[in-house]
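Peer 1: For reference, this is input.cif, and it has mmCIF, C-alpha atoms.
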data_upload
loop_
_atom_site.group_PDB
_atom_site.id
_atom_site.type_symbol
_atom_site.label_atom_id
_atom_site.label_comp_id
_atom_site.auth_asym_id
_atom_site.auth_seq_id
_atom_site.Cartn_x
_atom_site.Cartn_y
_atom_site.Cartn_z
ATOM 1 C CA MET T 219 -3.682 -11.214 14.693
ATOM 2 C CA LEU T 220 -6.017 -8.570 13.333
ATOM 3 C CA VAL T 221 -4.848 -5.007 12.809
ATOM 4 C CA VAL T 222 -7.431 -2.391 11.825
ATOM 5 C CA VAL T 223 -6.013 0.745 10.209
ATOM 6 C CA PRO T 224 -8.385 3.666 9.489
ATOM 7 C CA THR T 225 -8.572 4.798 5.868
ATOM 8 C CA ASN T 226 -6.874 8.119 6.630
ATOM 9 C CA ALA T 227 -3.970 6.712 8.660
ATOM 10 C CA HIS T 228 -0.990 4.391 8.558
ATOM 11 C CA LEU T 229 0.317 1.713 10.901
ATOM 12 C CA VAL T 230 3.702 2.083 12.570
ATOM 13 C CA ILE T 231 5.343 -0.827 14.366
ATOM 14 C CA ARG T 232 8.686 -0.815 16.145
ATOM 15 C CA ASP T 233 9.586 -4.483 15.633
ATOM 16 C CA ASP T 234 8.533 -6.532 12.615
ATOM 17 C CA ARG T 235 9.549 -9.951 13.956
ATOM 18 C CA LEU T 236 5.910 -10.952 14.360
ATOM 19 C CA PHE T 237 5.398 -10.411 10.619
ATOM 20 C CA ARG T 238 8.268 -12.630 9.462
ATOM 21 C CA ARG T 239 8.237 -16.094 7.856
ATOM 22 C CA TRP T 240 5.033 -17.673 9.100
ATOM 23 C CA HIS T 241 2.455 -15.242 7.822
ATOM 24 C CA SER T 242 0.919 -13.909 4.680
ATOM 25 C CA GLU T 243 -0.497 -10.436 4.182
ATOM 26 C CA THR T 244 -4.210 -10.091 3.616
ATOM 27 C CA ALA T 245 -6.653 -7.213 3.789
ATOM 28 C CA SER T 246 -10.403 -6.959 4.021
ATOM 29 C CA TYR T 247 -13.107 -4.363 3.902
ATOM 30 C CA TYR T 248 -14.699 -3.333 7.215
ATOM 31 C CA SER T 249 -17.547 -5.723 6.381
ATOM 32 C CA GLY T 250 -15.083 -8.624 6.426
ATOM 33 C CA LYS T 251 -15.125 -9.198 2.665
ATOM 34 C CA PRO T 252 -11.525 -9.974 1.649
ATOM 35 C CA LEU T 253 -9.637 -7.846 -0.847
ATOM 36 C CA ALA T 254 -7.841 -9.533 -3.687
ATOM 37 C CA ASP T 255 -4.076 -9.941 -3.512
ATOM 38 C CA GLY T 256 -1.797 -7.739 -5.626
ATOM 39 C CA LEU T 257 -1.599 -10.279 -8.460
ATOM 40 C CA THR T 258 -5.041 -9.413 -9.821
ATOM 41 C CA SER T 259 -5.907 -7.303 -12.853
ATOM 42 C CA SER T 260 -4.985 -3.656 -12.900
ATOM 43 C CA ASN T 261 -8.464 -2.292 -12.161
ATOM 44 C CA ASP T 262 -9.145 -4.423 -9.076
ATOM 45 C CA ILE T 263 -8.825 -2.884 -5.625
ATOM 46 C CA ALA T 264 -6.238 -5.110 -3.946
ATOM 47 C CA LEU T 265 -3.550 -5.219 -1.266
ATOM 48 C CA ARG T 266 -0.386 -4.270 -3.149
ATOM 49 C CA SER T 267 3.199 -4.233 -1.964
ATOM 50 C CA LEU T 268 5.080 -0.961 -2.423
ATOM 51 C CA PHE T 269 8.574 -0.925 -0.935
ATOM 52 C CA THR T 270 10.669 -1.365 2.169
ATOM 53 C CA ASP T 271 12.369 1.857 3.223
ATOM 54 C CA SER T 272 15.831 2.394 4.695
ATOM 55 C CA GLU T 273 14.503 1.795 8.202
ATOM 56 C CA ARG T 274 13.049 -1.588 7.117
ATOM 57 C CA ASN T 275 9.456 -0.312 7.158
ATOM 58 C CA SER T 276 7.274 -2.215 4.694
ATOM 59 C CA TRP T 277 4.788 -0.079 2.780
ATOM 60 C CA TRP T 278 1.549 -1.480 1.339
ATOM 61 C CA LEU T 279 -1.287 0.068 -0.629
ATOM 62 C CA VAL T 280 -4.938 -0.815 -0.931
ATOM 63 C CA GLY T 281 -5.754 0.276 -4.458
ATOM 64 C CA THR T 282 -5.416 -0.411 -8.172
ATOM 65 C CA LYS T 283 -2.284 -1.333 -10.127
ATOM 66 C CA ARG T 284 -2.149 2.237 -11.493
ATOM 67 C CA GLU T 285 -2.225 3.635 -7.941
ATOM 68 C CA GLN T 286 0.582 1.216 -7.011
ATOM 69 C CA ASP T 287 2.667 2.503 -9.929
ATOM 70 C CA ILE T 288 2.025 6.119 -8.877
ATOM 71 C CA ALA T 289 2.840 5.421 -5.218
ATOM 72 C CA ASN T 290 6.157 3.833 -6.174
ATOM 73 C CA PHE T 291 7.313 7.238 -7.506
ATOM 74 C CA HIS T 292 7.090 8.688 -3.976
ATOM 75 C CA SER T 293 9.025 8.251 -0.768
ATOM 76 C CA SER T 294 7.054 7.241 2.290
ATOM 77 C CA ALA T 295 7.069 10.826 3.586
ATOM 78 C CA GLU T 296 5.460 12.081 0.363
ATOM 79 C CA LEU T 297 2.641 9.546 0.078
ATOM 80 C CA PRO T 298 -0.801 11.136 0.398
ATOM 81 C CA LEU T 299 -2.989 9.163 2.805
ATOM 82 C CA GLY T 300 -6.701 8.510 2.805
ATOM 83 C CA ARG T 301 -7.529 9.247 -0.814
ATOM 84 C CA PRO T 302 -7.176 7.597 -4.216
ATOM 85 C CA LEU T 303 -4.022 8.385 -6.190
ATOM 86 C CA THR T 304 -4.465 9.963 -9.619
ATOM 87 C CA ASP T 305 -2.237 10.987 -12.512
ATOM 88 C CA ASP T 306 -1.981 14.403 -10.804
ATOM 89 C CA ASP T 307 0.099 12.644 -8.107
ATOM 90 C CA VAL T 308 2.773 11.565 -10.594
ATOM 91 C CA PRO T 309 5.887 13.729 -10.047
ATOM 92 C CA ASP T 310 6.929 15.926 -12.974
ATOM 93 C CA TYR T 311 10.158 13.946 -13.543
ATOM 94 C CA ALA T 312 8.141 10.754 -13.934
ATOM 95 C CA LYS T 313 5.658 12.252 -16.407
ATOM 96 C CA LYS T 314 8.437 12.572 -18.972
ATOM 97 C CA ARG T 315 8.990 8.816 -19.070
#
Please lay out the structure from this file as structure tokens.
Peer 2:
Amino acid sequence: MLVVVPTNAHLVIRDDRLFRRWHSETASYYSGKPLADGLTSSNDIALRSLFTDSERNSWWLVGTKREQDIANFHSSAELPLGRPLTDDDVPDYAKKR
């Protein structure tokens, strides 16, 4: 199955059974060139797992390790879409860490 999600949007599914057990998550550029998985170095653009929310929605990020760390400070409703995350996106409470 191929799911194409525009860069300024997110995918919502009602039932995640089709994503369970037998699959692995991958991502590719529009050209078809695959992105690395989230286990690569911190500066690589990769498909990175974020969190599963209270409604069992799985959240993923295409970005760097730093962007993954920044995104994990936010709830799904607060995540900015369609642009890179920067240190300006780190909440004030997290900057004190």
Peer 1: Figure out the distance between CA of Ile288 (chain T) and CA of Val308 (chain T), please, to one decimal in Å.
Peer 2: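 So the two atoms, CA of Val308 (chain T) and CA of Ile288 (chain T), lie 5.8 Å apart.
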Peer 1: Which residues, named as in the file, does the PyMOL selection byres ((chain T and resi 224) around 12) pick out? Answer as JSON, numbers by chain.
Peer 2: {"T": [221, 222, 223, 225, 226, 227, 228, 229, 247, 248, 280, 299, 300, 301]}
Peer 1: Quick check, in Å to one decimal: how far apart do CA of Ser246 (chain T) and CA of Ser272 (chain T) lie?
Peer 2: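 If I compute the distance from CA of Ser246 (chain T) to CA of Ser272 (chain T), I get 27.9 Å.
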Peer 1: Using CA of Ala295 (chain T) and CA of Ser260 (chain T) as the two end points, give the distance in Å to one decimal.
Peer 2: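 For CA of Ala295 (chain T) relative to CA of Ser260 (chain T), the distance reads 25.0 Å.
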Peer 1: Could you tell me, as a ChimeraX atom specification, exactly which residues end up selected when the PyMOL selection byres ((chain T and resi 283) around 8) is applied to this structure?
Peer 2: /T:256,259-262,266,281-282,284-287
Peer 1: For a cutoff of 10 Å around the file-coordinate point (8.8, 0.8, 13.8), which residues qualify once you count only C-alpha atoms? I'd like the result as a list of chain:residue names.
Peer 2: T:Leu229, T:Val230, T:Ile231, T:Arg232, T:Asp233, T:Asp234, T:Glu273, T:Arg274, T:Asn275, T:Ser276
Peer 1: What does the PyMOL selection byres ((chain T and resi 290) around 12) select in this file, as a ChimeraX atom specification?
Peer 2: /T:266-271,277-279,283-289,291-294,296-297,303,307-309,312
Peer 1: So, with only C-alpha atoms as the atoms that count, which of T:Asp310, T:Ala264, T:Thr304, T:Pro298 lies closest to Thr244 (chain T)?
Peer 2: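 Closest to Thr244 (chain T), using only C-alpha atoms: T:Ala264.
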